[in-house]
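The structure file protein02.txt is reproduced below (compact mmCIF, C-alpha atoms and all ligand atoms).
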```txt
# COMPACT_ATOMS: atom_id res chain seq x y z
CA MET O 1 -13.86 33.87 -51.05
CA SER O 2 -10.35 33.55 -49.72
CA TRP O 3 -11.41 34.51 -46.19
CA ARG O 4 -13.85 31.71 -45.81
CA CYS O 5 -13.26 29.44 -42.96
CA ARG O 6 -13.59 25.77 -42.51
CA VAL O 7 -14.76 24.40 -39.23
CA PHE O 8 -15.35 20.74 -38.63
CA SER O 9 -18.98 19.98 -38.99
CA LYS O 10 -18.40 17.54 -36.20
CA TRP O 11 -19.06 19.25 -32.95
CA VAL O 12 -17.30 16.61 -30.97
CA SER O 13 -14.77 18.89 -29.33
CA VAL O 14 -17.26 21.55 -28.37
CA ILE O 15 -19.69 18.97 -27.10
CA ILE O 16 -16.89 17.48 -25.03
CA VAL O 17 -16.29 20.88 -23.47
CA PHE O 18 -19.96 21.15 -22.67
CA VAL O 19 -19.99 17.70 -21.14
CA ILE O 20 -16.81 18.23 -19.13
CA ILE O 21 -18.05 21.50 -17.78
CA ALA O 22 -21.44 19.96 -17.23
CA ALA O 23 -19.82 17.25 -15.13
CA LEU O 24 -19.00 19.82 -12.48
CA ALA O 25 -22.46 20.97 -11.64
CA ILE O 26 -22.64 21.51 -7.91
CA PRO O 27 -25.16 24.19 -7.14
CA LEU O 28 -24.00 26.80 -4.66
CA PRO O 29 -26.38 27.35 -1.77
CA GLY O 30 -29.23 29.59 -2.71
CA GLU O 31 -28.02 30.02 -6.23
CA ALA O 32 -28.31 28.02 -9.39
CA ALA O 33 -25.06 26.43 -10.49
CA THR O 34 -23.41 27.98 -13.49
CA TYR O 35 -20.97 26.25 -15.77
CA SER O 36 -18.24 28.32 -14.23
CA ASP O 37 -19.14 27.03 -10.76
CA LEU O 38 -19.12 23.56 -12.19
CA GLN O 39 -15.76 24.08 -13.82
CA LYS O 40 -14.28 25.23 -10.52
CA LYS O 41 -15.89 22.33 -8.70
CA ASN O 42 -14.56 19.93 -11.26
CA GLU O 43 -11.03 21.25 -10.96
CA GLN O 44 -11.29 20.94 -7.20
CA LEU O 45 -12.64 17.40 -7.40
CA GLU O 46 -9.96 16.39 -9.88
CA GLN O 47 -7.23 17.86 -7.68
CA GLN O 48 -8.68 16.14 -4.63
CA LYS O 49 -8.90 12.90 -6.54
CA LYS O 50 -5.28 13.08 -7.69
CA ALA O 51 -4.03 14.01 -4.22
CA THR O 52 -6.04 11.20 -2.65
CA GLN O 53 -4.87 8.70 -5.25
CA GLN O 54 -1.29 9.76 -4.56
CA GLN O 55 -1.78 9.37 -0.80
CA LEU O 56 -3.51 6.06 -1.29
CA SER O 57 -0.73 4.70 -3.43
CA GLU O 58 1.90 5.88 -0.92
CA VAL O 59 0.04 4.29 1.96
CA LYS O 60 -0.48 1.11 -0.07
CA SER O 61 3.22 0.81 -0.72
CA LYS O 62 3.97 1.45 2.97
CA THR O 63 1.38 -1.16 3.94
CA GLN O 64 3.00 -3.68 1.63
CA ASP O 65 6.41 -2.94 3.15
CA ALA O 66 4.99 -3.32 6.65
CA PHE O 67 3.35 -6.61 5.67
CA GLN O 68 6.63 -7.85 4.18
CA ALA O 69 8.42 -6.91 7.41
CA LEU O 70 5.81 -8.83 9.39
CA VAL O 71 6.26 -11.90 7.22
CA GLU O 72 10.03 -11.74 7.63
CA LEU O 73 9.80 -11.27 11.40
CA GLN O 74 7.34 -14.14 11.61
CA SER O 75 9.73 -16.43 9.77
CA GLN O 76 12.64 -15.37 12.03
CA ILE O 77 10.50 -16.00 15.09
CA GLU O 78 9.49 -19.44 13.83
CA LYS O 79 13.11 -20.33 13.12
CA LEU O 80 14.20 -19.29 16.61
CA GLU O 81 11.27 -21.13 18.17
CA GLN O 82 12.29 -24.31 16.34
CA GLN O 83 15.89 -23.91 17.52
CA SER O 84 14.73 -23.26 21.02
CA SER O 85 12.40 -26.23 20.99
CA SER O 86 15.09 -28.63 19.78
CA LEU O 87 17.48 -27.26 22.40
CA VAL O 88 14.90 -27.80 25.11
CA GLN O 89 14.66 -31.42 23.96
CA ARG O 90 18.44 -31.72 24.09
CA ARG O 91 18.48 -30.25 27.58
CA GLN O 92 15.90 -32.79 28.68
CA LEU O 93 17.99 -35.63 27.23
CA LEU O 94 21.06 -34.38 29.08
CA GLU O 95 19.06 -34.11 32.29
CA GLU O 96 17.95 -37.72 31.84
CA GLN O 97 21.57 -38.78 31.30
CA ILE O 98 22.57 -36.93 34.45
CA ALA O 99 19.79 -38.64 36.40
CA THR O 100 20.96 -42.04 35.13
CA LEU O 101 24.52 -41.22 36.12
CA ASP O 102 23.37 -40.03 39.52
CA SER O 103 21.60 -43.29 40.08
CA GLN O 104 24.65 -45.27 38.90
CA ILE O 105 26.88 -43.22 41.19
CA LYS O 106 24.53 -43.77 44.09
CA ASP O 107 24.52 -47.54 43.54
CA LEU O 108 28.24 -47.64 43.21
CA GLU O 109 28.74 -45.56 46.33
CA LYS O 110 26.52 -47.93 48.21
CA THR O 111 28.61 -50.85 46.99
CA ILE O 112 31.74 -48.97 48.01
CA GLU O 113 30.31 -48.45 51.47
CA GLU O 114 29.64 -52.16 51.74
CA GLU O 115 33.10 -53.06 50.46
CA ARG O 116 34.62 -50.58 52.86
CA ALA O 117 32.69 -52.23 55.69
CA ASN O 118 33.92 -55.66 54.57
CA LEU O 119 37.44 -54.40 54.45
CA GLU O 120 37.14 -52.93 57.89
CA GLN O 121 35.78 -56.22 59.14
CA THR O 122 38.77 -58.05 57.70
CA LEU O 123 41.12 -55.53 59.26
CA VAL O 124 39.42 -55.91 62.62
CA THR O 125 39.68 -59.68 62.37
CA MET O 126 43.37 -59.44 61.54
CA TYR O 127 43.94 -57.04 64.33
CA LYS O 128 42.21 -59.23 66.82
CA TRP O 129 44.09 -62.22 65.61
CA GLN O 130 47.48 -60.50 65.79
CA LYS O 131 47.06 -58.66 69.08
CA VAL O 132 44.81 -60.81 71.21
CA ALA O 133 45.07 -64.45 70.29
CA PRO O 134 46.98 -65.50 67.24
CA SER O 135 45.79 -69.05 67.77
CA ALA O 136 42.21 -67.92 67.63
CA LEU O 137 42.71 -66.99 64.00
CA VAL O 138 42.92 -70.65 63.23
CA LEU O 139 39.47 -70.99 64.61
CA VAL O 140 38.28 -68.04 62.61
CA VAL O 141 39.79 -69.19 59.35
CA THR O 142 40.00 -72.90 59.55
CA SER O 143 40.92 -75.32 62.21
CA SER O 144 43.13 -77.44 60.03
CA VAL O 145 45.40 -74.76 58.53
CA ASN O 146 48.50 -73.52 60.21
CA PRO O 147 48.52 -69.89 61.45
CA GLU O 148 51.05 -68.75 58.87
CA LEU O 149 48.92 -69.96 56.03
CA ALA O 150 45.89 -68.42 57.69
CA THR O 151 47.66 -65.12 57.90
CA TYR O 152 48.59 -65.39 54.25
CA ALA O 153 45.01 -66.13 53.34
CA LEU O 154 43.72 -63.19 55.28
CA GLU O 155 46.25 -60.91 53.65
CA LYS O 156 45.13 -62.23 50.30
CA VAL O 157 41.51 -61.47 51.18
CA LEU O 158 42.55 -58.03 52.34
CA THR O 159 44.41 -57.32 49.11
CA ASN O 160 41.51 -58.52 47.01
CA GLN O 161 39.07 -56.42 48.94
CA ASN O 162 41.34 -53.43 48.70
CA ASP O 163 41.76 -53.86 44.93
CA LYS O 164 38.01 -54.18 44.49
CA LEU O 165 37.41 -51.05 46.52
CA GLU O 166 39.98 -49.11 44.53
CA SER O 167 38.41 -50.20 41.30
CA TYR O 168 34.97 -49.11 42.50
CA GLU O 169 36.33 -45.79 43.64
CA ASP O 170 37.99 -45.39 40.29
CA ASN O 171 34.67 -46.08 38.58
CA VAL O 172 32.88 -43.60 40.78
CA ALA O 173 35.45 -40.95 39.91
CA LYS O 174 34.93 -41.70 36.21
CA LEU O 175 31.16 -41.43 36.61
CA HIS O 176 31.58 -38.14 38.41
CA ALA O 177 33.79 -36.82 35.63
CA LYS O 178 31.26 -37.86 33.03
CA ARG O 179 28.48 -36.28 35.04
CA LYS O 180 30.45 -33.06 35.25
CA GLU O 181 30.98 -33.09 31.49
CA ILE O 182 27.29 -33.62 30.82
CA ALA O 183 26.27 -31.03 33.37
CA GLU O 184 28.53 -28.51 31.62
CA ALA O 185 26.98 -29.37 28.27
CA LYS O 186 23.55 -28.98 29.83
CA ASN O 187 24.47 -25.58 31.24
CA GLU O 188 25.73 -24.51 27.85
CA VAL O 189 22.46 -25.59 26.25
CA ALA O 190 20.49 -23.82 28.98
CA GLN O 191 22.45 -20.63 28.32
CA THR O 192 21.79 -20.88 24.59
CA ILE O 193 18.10 -21.40 25.31
CA GLU O 194 18.10 -18.33 27.52
CA SER O 195 19.79 -16.25 24.83
CA LEU O 196 17.31 -17.52 22.25
CA GLN O 197 14.46 -16.60 24.56
CA THR O 198 15.85 -13.08 24.86
CA GLN O 199 16.14 -12.81 21.08
CA LEU O 200 12.63 -14.17 20.72
CA ALA O 201 11.27 -11.61 23.17
CA THR O 202 12.97 -8.81 21.21
CA LEU O 203 11.63 -10.12 17.92
CA GLN O 204 8.19 -10.57 19.38
CA SER O 205 8.09 -6.99 20.63
CA LYS O 206 9.32 -5.82 17.21
CA TYR O 207 6.61 -7.92 15.63
CA ASP O 208 3.95 -6.42 17.88
CA GLU O 209 5.21 -2.93 17.02
CA ARG O 210 5.12 -3.66 13.28
CA GLU O 211 1.76 -5.28 13.60
CA SER O 212 0.24 -2.18 15.11
CA LEU O 213 1.95 -0.06 12.43
CA TYR O 214 0.47 -2.36 9.80
CA ALA O 215 -2.98 -2.06 11.35
CA GLN O 216 -2.57 1.73 11.40
CA LEU O 217 -1.55 1.80 7.74
CA LYS O 218 -4.39 -0.50 6.81
CA LYS O 219 -6.76 1.91 8.54
CA GLU O 220 -5.26 4.86 6.64
CA GLN O 221 -5.53 2.92 3.41
CA ASN O 222 -9.20 2.31 4.07
CA LYS O 223 -9.66 5.97 4.91
CA TYR O 224 -8.13 7.13 1.61
CA ALA O 225 -10.00 4.47 -0.33
CA SER O 226 -13.30 5.63 1.10
CA GLN O 227 -12.29 9.27 0.49
CA LEU O 228 -11.61 8.38 -3.11
CA ALA O 229 -14.93 6.58 -3.38
CA MET O 230 -16.61 9.66 -1.93
CA ILE O 231 -14.94 11.96 -4.46
CA GLU O 232 -15.90 9.62 -7.28
CA GLN O 233 -19.43 9.52 -5.95
CA GLN O 234 -19.47 13.33 -5.93
CA GLN O 235 -18.25 13.32 -9.50
CA ARG O 236 -21.05 10.97 -10.46
CA GLU O 237 -23.54 13.18 -8.65
CA VAL O 238 -22.16 16.17 -10.49
CA SER O 239 -22.60 14.35 -13.80
CA ALA O 240 -26.13 13.40 -12.87
CA GLU O 241 -26.83 16.99 -11.88
CA ILE O 242 -25.61 18.14 -15.25
CA GLN O 243 -27.73 15.62 -17.07
CA ARG O 244 -30.69 16.80 -15.04
CA MET O 245 -29.81 20.41 -15.74
CA LEU O 246 -29.45 19.76 -19.45
CA SER O 247 -32.72 17.94 -19.70
CA SER O 248 -34.48 20.60 -17.65
CA THR O 249 -33.18 23.33 -19.93
CA LYS O 250 -34.69 21.73 -23.00
CA LEU O 251 -36.25 24.37 -25.06
CA SER O 252 -39.94 24.80 -24.68
CA SER O 253 -42.24 27.23 -26.35
CA ASN O 254 -41.69 29.40 -23.29
CA ALA O 255 -37.92 29.42 -23.64
CA ASN O 256 -36.55 32.80 -24.47
CA SER O 257 -35.08 32.37 -27.90
CA SER O 258 -34.90 36.07 -28.49
CA GLY O 259 -32.40 38.65 -27.36
CA PHE O 260 -29.65 37.81 -29.85
CA ILE O 261 -27.79 40.74 -31.37
CA LYS O 262 -25.35 40.85 -34.25
CA PRO O 263 -21.88 40.00 -32.85
CA MET O 264 -20.12 41.98 -35.55
CA SER O 265 -21.30 43.86 -38.59
CA GLY O 266 -19.78 43.04 -41.94
CA MET O 267 -20.28 41.01 -45.05
CA VAL O 268 -21.61 37.46 -44.83
CA THR O 269 -18.99 35.46 -46.72
CA SER O 270 -20.34 31.99 -46.02
CA PRO O 271 -23.82 31.06 -44.83
CA PHE O 272 -24.85 28.18 -42.57
CA GLY O 273 -25.32 24.80 -44.19
CA TRP O 274 -23.85 22.64 -46.91
CA ARG O 275 -21.15 24.26 -49.06
CA ILE O 276 -18.04 23.46 -51.07
CA ASN O 277 -15.08 22.95 -48.76
CA PRO O 278 -13.37 26.38 -48.77
CA LEU O 279 -9.91 25.03 -47.98
CA THR O 280 -9.76 22.31 -50.63
CA GLY O 281 -12.30 23.75 -53.00
CA ARG O 282 -13.57 20.19 -53.39
CA GLY O 283 -16.28 18.16 -51.71
CA LYS O 284 -19.34 19.12 -49.74
CA ASP O 285 -18.90 20.33 -46.22
CA PHE O 286 -21.45 21.25 -43.60
CA HIS O 287 -20.82 24.76 -42.34
CA THR O 288 -21.91 24.89 -38.71
CA GLY O 289 -22.04 28.69 -38.49
CA ILE O 290 -22.07 31.86 -40.45
CA ASP O 291 -18.93 33.71 -41.58
CA VAL O 292 -18.87 37.50 -41.37
CA ALA O 293 -15.92 39.52 -42.61
CA ASN O 294 -14.81 43.00 -41.61
CA GLN O 295 -11.49 44.72 -41.00
CA TYR O 296 -8.92 42.68 -39.08
CA GLY O 297 -9.20 43.58 -35.37
CA THR O 298 -12.87 44.65 -35.44
CA PRO O 299 -14.38 44.12 -31.95
CA ILE O 300 -16.66 41.10 -31.57
CA LYS O 301 -19.56 41.36 -29.13
CA ALA O 302 -21.44 38.77 -27.12
CA SER O 303 -24.63 38.06 -29.03
CA ARG O 304 -26.63 37.53 -25.87
CA THR O 305 -26.28 37.58 -22.05
CA GLY O 306 -24.56 34.51 -20.64
CA VAL O 307 -21.47 33.00 -19.10
CA VAL O 308 -18.19 32.40 -20.92
CA ILE O 309 -17.48 28.69 -20.73
CA TRP O 310 -14.53 28.64 -23.09
CA ALA O 311 -11.95 31.35 -23.82
CA GLY O 312 -8.91 29.89 -25.55
CA TRP O 313 -7.55 27.92 -28.45
CA LYS O 314 -9.53 25.15 -30.10
CA THR O 315 -8.43 23.08 -33.05
CA GLY O 316 -9.95 24.46 -36.21
CA TYR O 317 -11.54 27.34 -34.34
CA GLY O 318 -8.29 29.04 -33.37
CA LEU O 319 -8.76 31.60 -30.61
CA CYS O 320 -12.35 31.01 -29.69
CA VAL O 321 -14.97 32.05 -27.12
CA ILE O 322 -18.00 29.96 -26.20
CA ILE O 323 -20.85 31.50 -24.23
CA ASP O 324 -23.52 29.48 -22.48
CA HIS O 325 -26.81 31.32 -22.28
CA GLN O 326 -28.12 28.91 -19.66
CA ASP O 327 -31.40 28.02 -21.31
CA GLY O 328 -30.05 25.47 -23.76
CA TYR O 329 -28.57 28.08 -26.07
CA GLY O 330 -24.90 28.59 -26.69
CA THR O 331 -22.91 30.85 -29.03
CA VAL O 332 -19.44 30.38 -30.52
CA TYR O 333 -17.04 33.07 -31.80
CA ALA O 334 -14.05 31.71 -33.71
CA HIS O 335 -10.81 32.71 -35.50
CA MET O 336 -10.23 35.74 -33.23
CA SER O 337 -6.92 37.59 -33.21
CA ARG O 338 -7.30 38.29 -29.51
CA ILE O 339 -9.67 37.22 -26.70
CA ALA O 340 -11.05 39.87 -24.31
CA VAL O 341 -12.86 37.70 -21.73
CA LYS O 342 -12.09 34.90 -19.32
CA SER O 343 -13.74 31.56 -18.78
CA GLY O 344 -16.40 31.87 -16.09
CA GLN O 345 -17.00 35.52 -16.79
CA LYS O 346 -20.58 36.78 -17.02
CA VAL O 347 -21.24 38.82 -20.11
CA SER O 348 -24.14 40.88 -21.37
CA ALA O 349 -25.28 41.20 -24.95
CA GLY O 350 -22.83 43.68 -26.46
CA THR O 351 -19.86 42.96 -24.19
CA VAL O 352 -16.70 42.82 -26.33
CA VAL O 353 -15.44 39.23 -26.14
CA GLY O 354 -12.57 39.51 -28.64
CA TYR O 355 -11.31 40.86 -31.94
CA GLU O 356 -11.56 39.61 -35.48
CA GLY O 357 -8.64 37.59 -36.79
CA SER O 358 -7.79 34.50 -38.82
CA THR O 359 -6.50 32.02 -36.24
CA GLY O 360 -7.25 28.33 -36.72
CA TRP O 361 -8.43 26.96 -40.03
CA ALA O 362 -9.18 30.27 -41.73
CA THR O 363 -8.02 31.53 -45.07
CA GLY O 364 -8.50 35.18 -44.12
CA PRO O 365 -9.74 37.43 -41.29
CA HIS O 366 -13.40 36.86 -40.44
CA LEU O 367 -15.72 35.87 -37.60
CA HIS O 368 -17.14 32.37 -37.61
CA PHE O 369 -20.31 32.68 -35.51
CA GLU O 370 -22.48 29.81 -34.32
CA ILE O 371 -25.68 29.46 -32.38
CA ARG O 372 -26.28 26.07 -30.80
CA ILE O 373 -29.34 24.62 -29.19
CA GLN O 374 -28.52 21.78 -26.82
CA GLY O 375 -25.16 21.61 -28.59
CA GLU O 376 -26.73 21.27 -32.07
CA PRO O 377 -25.74 23.95 -34.52
CA THR O 378 -28.62 25.94 -35.90
CA ASN O 379 -28.77 28.67 -38.49
CA PRO O 380 -27.84 32.00 -36.81
CA ALA O 381 -29.70 33.86 -39.53
CA LYS O 382 -32.92 32.65 -37.90
CA PHE O 383 -32.10 34.79 -34.83
CA VAL O 384 -29.93 37.60 -36.08
CA GLN O 385 -30.29 39.82 -39.15
CA PHE O 386 -26.85 40.22 -40.74
ZN ZN R 1 -17.14 29.58 -40.64
```
Now that the file is in, can you turn its structure into C-alpha cells?
Ligand SMILES: [Zn+2]
Amino acid sequence: MSWRCRVFSKWVSVIIVFVIIAALAIPLPGEAATYSDLQKKNEQLEQQKKATQQQLSEVKSKTQDAFQALVELQSQIEKLEQQSSSLVQRRQLLEEQIATLDSQIKDLEKTIEEERANLEQTLVTMYKWQKVAPSALVLVVTSSVNPELATYALEKVLTNQNDKLESYEDNVAKLHAKRKEIAEAKNEVAQTIESLQTQLATLQSKYDERESLYAQLKKEQNKYASQLAMIEQQQREVSAEIQRMLSSTKLSSNANSSGFIKPMSGMVTSPFGWRINPLTGRGKDFHTGIDVANQYGTPIKASRTGVVIWAGWKTGYGLCVIIDHQDGYGTVYAHMSRIAVKSGQKVSAGTVVGYEGSTGWATGPHLHFEIRIQGEPTNPAKFVQF
C-alpha cells in the first residue's frame, strides 16, 4: 500500500499542455501537423511576437521622443517668429520717424534757402547803398530818415536775418543728428531681424529633418504593429486549426482503439476510479490511472505508437512522459526515476520511454499509467490486460 500514488483527479495541467501544444498547429506542406510541429511553431511564433513587441516598444519610444522634439522646435520657431514680427513692426515705426524727419529737414532747408536769399538781398542792398549811392539808401529805406539811421536799421535787419538763419541751421543740424540716431537704431533692428531670420531658417531645416524622421518612425511603428497583428492572427489560426484537428479526431466506431500494450509488467497496486486518498488515508479521491509496481528502475515502454508531447517534470506526476497517439488517444507515464525520450520524438509501441521511480507525489516506486480519450481519463484496464 505504501507505494500507491496520488495524482490530482483534476487534469487541468495536462489539459493545458494539450491546449498549448494544440495552439501551434501549422501543418507542414504535404504532411499532417503533429503536436511536435505545433510546439515548434508555437515557440517560433512566441519568439517572433516577443521580438516584434520589443521592436515596437523601442520604435514607439523613439517616435514619442521625435514628436517631443518637434513640439519643442515648433515652440522655438513660434517664439522667434513673434520676436521677428515685433521687430519688423519696430523697424517700420523707425522708418516712419525717419521719413517724418526727412520731411521736416526738407522744409527747414527750404526755409533756410529762402532766408539765405533774403540775407543776400539785404547784403546786396547795403553794398549798393555803400558803394554806389549812399543817398539812394534813403530812398530804399525811407525818405524821411537820415542815412545814418537807415544804415543802422539795415544792419539791424541784417543781424536779425543772420540770427534767424543760424537758428534754422542749428535746428537742421539737430534734426540731422536725430535722424542719424534713429537710422542707427533702425539698422540695429534690421540686423537683429536678419539674425533671427538666420536662426529661424536653421530651426526650420532642423524641424523638417525631425519631421521626416518622425514620419519614418511612424511608418516603422505601423510596420511592427501590423507584423504583430499578423503574428497574433497566425496564433489564432493555429488555435482554430487545433480546435478543428481535435474535433476531427473525435473517436468514431472506426477509430483504432486497439494496439495498446502493457507499459510495464508488475503488480497492480491501485486501480482506476474512486479510492481512499493514499497520502492522507482519508477521504475519497478519484484515481485517474492505474498504478503498477515493480523493481525500482524497471524500463517503461510506450503503450502504443505516437509522438511524445511531454517529457519532463509535472507537479504531482514527477518525471512524466505524455504520448499523443494522434487519434484522440493519449497515454501518461508518471513518477519515473529517469526519462528516456524527448518531446517531439516519435515512438512505437514498446519503445522504452523511461524507468520506474517515485518522483512526484508517490509514496514508493511504481508506474502511474493513464489512458485518455480527448483528454478524459478512462480505465486503462479496458485496453490493456495487467
Ligand atoms: Zn497512480
Would you work out the distance separating atom CA of O:Ser103 from atom CA of O:Leu175, expressed in Å to one decimal?
->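 Between atom CA of O:Ser103 and atom CA of O:Leu175 the gap is 10.3 Å.
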As a PDB file with C-alpha atoms, in the coordinates of the input, please: every protein or nucleic acid residue near ligand ZN 1 (chain R) (cut-off 9 Å, counting only C-alpha atoms and all ligand atoms).
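The resulting file, out21.pdb, is shown below:
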```pdb
ATOM      1  CA  ARG O   4     -13.850  31.710 -45.810  1.00  0.00           C
ATOM      2  CA  CYS O   5     -13.260  29.440 -42.960  1.00  0.00           C
ATOM      3  CA  ARG O   6     -13.590  25.770 -42.510  1.00  0.00           C
ATOM      4  CA  VAL O   7     -14.760  24.400 -39.230  1.00  0.00           C
ATOM      5  CA  THR O 269     -18.990  35.460 -46.720  1.00  0.00           C
ATOM      6  CA  SER O 270     -20.340  31.990 -46.020  1.00  0.00           C
ATOM      7  CA  PRO O 271     -23.820  31.060 -44.830  1.00  0.00           C
ATOM      8  CA  PHE O 272     -24.850  28.180 -42.570  1.00  0.00           C
ATOM      9  CA  HIS O 287     -20.820  24.760 -42.340  1.00  0.00           C
ATOM     10  CA  THR O 288     -21.910  24.890 -38.710  1.00  0.00           C
ATOM     11  CA  GLY O 289     -22.040  28.690 -38.490  1.00  0.00           C
ATOM     12  CA  ILE O 290     -22.070  31.860 -40.450  1.00  0.00           C
ATOM     13  CA  ASP O 291     -18.930  33.710 -41.580  1.00  0.00           C
ATOM     14  CA  VAL O 292     -18.870  37.500 -41.370  1.00  0.00           C
ATOM     15  CA  TYR O 317     -11.540  27.340 -34.340  1.00  0.00           C
ATOM     16  CA  ALA O 334     -14.050  31.710 -33.710  1.00  0.00           C
ATOM     17  CA  HIS O 335     -10.810  32.710 -35.500  1.00  0.00           C
ATOM     18  CA  ALA O 362      -9.180  30.270 -41.730  1.00  0.00           C
ATOM     19  CA  HIS O 366     -13.400  36.860 -40.440  1.00  0.00           C
ATOM     20  CA  LEU O 367     -15.720  35.870 -37.600  1.00  0.00           C
ATOM     21  CA  HIS O 368     -17.140  32.370 -37.610  1.00  0.00           C
ATOM     22  CA  PHE O 369     -20.310  32.680 -35.510  1.00  0.00           C
ATOM     23  CA  GLU O 370     -22.480  29.810 -34.320  1.00  0.00           C
TER      24      GLU O 370
END
```
Would you kindly return, as number ranges by chain, each protein, DNA or RNA residue with an atom no farther than 9 Å from any atom of O:Leu217, considering only C-alpha atoms and excluding same-chain residues fewer than 2 positions away?
-> O: 59-60, 62-63, 66, 212-215, 219-222
For the selection you just gave me, I'd like the residues written to a file as an mmCIF file, in the coordinates of the input, keeping C-alpha atoms.
```cif
data_model
loop_
_atom_site.group_PDB
_atom_site.id
_atom_site.type_symbol
_atom_site.label_atom_id
_atom_site.label_comp_id
_atom_site.auth_asym_id
_atom_site.auth_seq_id
_atom_site.Cartn_x
_atom_site.Cartn_y
_atom_site.Cartn_z
ATOM 1 C CA VAL O 59 0.040 4.290 1.960
ATOM 2 C CA LYS O 60 -0.480 1.110 -0.070
ATOM 3 C CA LYS O 62 3.970 1.450 2.970
ATOM 4 C CA THR O 63 1.380 -1.160 3.940
ATOM 5 C CA ALA O 66 4.990 -3.320 6.650
ATOM 6 C CA SER O 212 0.240 -2.180 15.110
ATOM 7 C CA LEU O 213 1.950 -0.060 12.430
ATOM 8 C CA TYR O 214 0.470 -2.360 9.800
ATOM 9 C CA ALA O 215 -2.980 -2.060 11.350
ATOM 10 C CA LYS O 219 -6.760 1.910 8.540
ATOM 11 C CA GLU O 220 -5.260 4.860 6.640
ATOM 12 C CA GLN O 221 -5.530 2.920 3.410
ATOM 13 C CA ASN O 222 -9.200 2.310 4.070
#
```
Rank nothing, just name the residue among O:Lys262, O:Lys41, O:Arg282, O:Lys128 nearest to O:Ala302, using only C-alpha atoms.
-> O:Lys262
What is the atom CA of O:Glu237 to atom CA of O:Tyr224 distance in Å?
->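 For atom CA of O:Glu237 relative to atom CA of O:Tyr224, the distance reads 19.5 Å.
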Mind checking which residues fall within 7 Å of stretch 83-88 of chain O, counting all atoms listed in the file, ignoring those fewer than 4 positions away in the same chain, and posting them as a list in words?
->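 Returned residues: Lys79, Gln92, Val189, Ile193 and Leu196 of chain O.
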Rank nothing, just name the residue among O:Arg179, O:Gln161, O:Val308, O:Leu319 nearest to O:Glu96, using all atoms listed in the file.
->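 Ranked by minimum distance to O:Glu96, first place goes to O:Arg179.
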O:Ala183 proximity check over O:Ile371, O:Leu45, O:Ile98, O:Ala349, using only C-alpha atoms: winner is O:Ile98
Please return the centre and edge lengths, in Å to one decimal, of a box with edges along x, y and z that contains all listed atoms of stretch 336-341 of chain O, widened by 4 Å on every side, as AutoDock Vina command-line options.
```
--center_x -9.9 --center_y 37.8 --center_z -27.5 --size_x 13.9 --size_y 12.1 --size_z 19.5
```
Go through O:Ile322, O:Trp313, O:Leu93, O:Leu165 and flag the residue nearest O:Lys110, using only C-alpha atoms for the distances.
->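 When distances to O:Lys110 are compared using only C-alpha atoms, the smallest one comes from O:Leu165.
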May I ask which of the residues O:Arg210, O:Arg275, O:Arg372, O:Arg338 is the closest one to O:Gln326, counting all atoms listed in the file?
->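 Smallest separation from O:Gln326 among the options: O:Arg372.
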Minimum-distance residue to O:Lys223, chosen among O:Gln44, O:Gln53, O:Ser239, O:Gln89 (using only C-alpha atoms) | O:Gln53
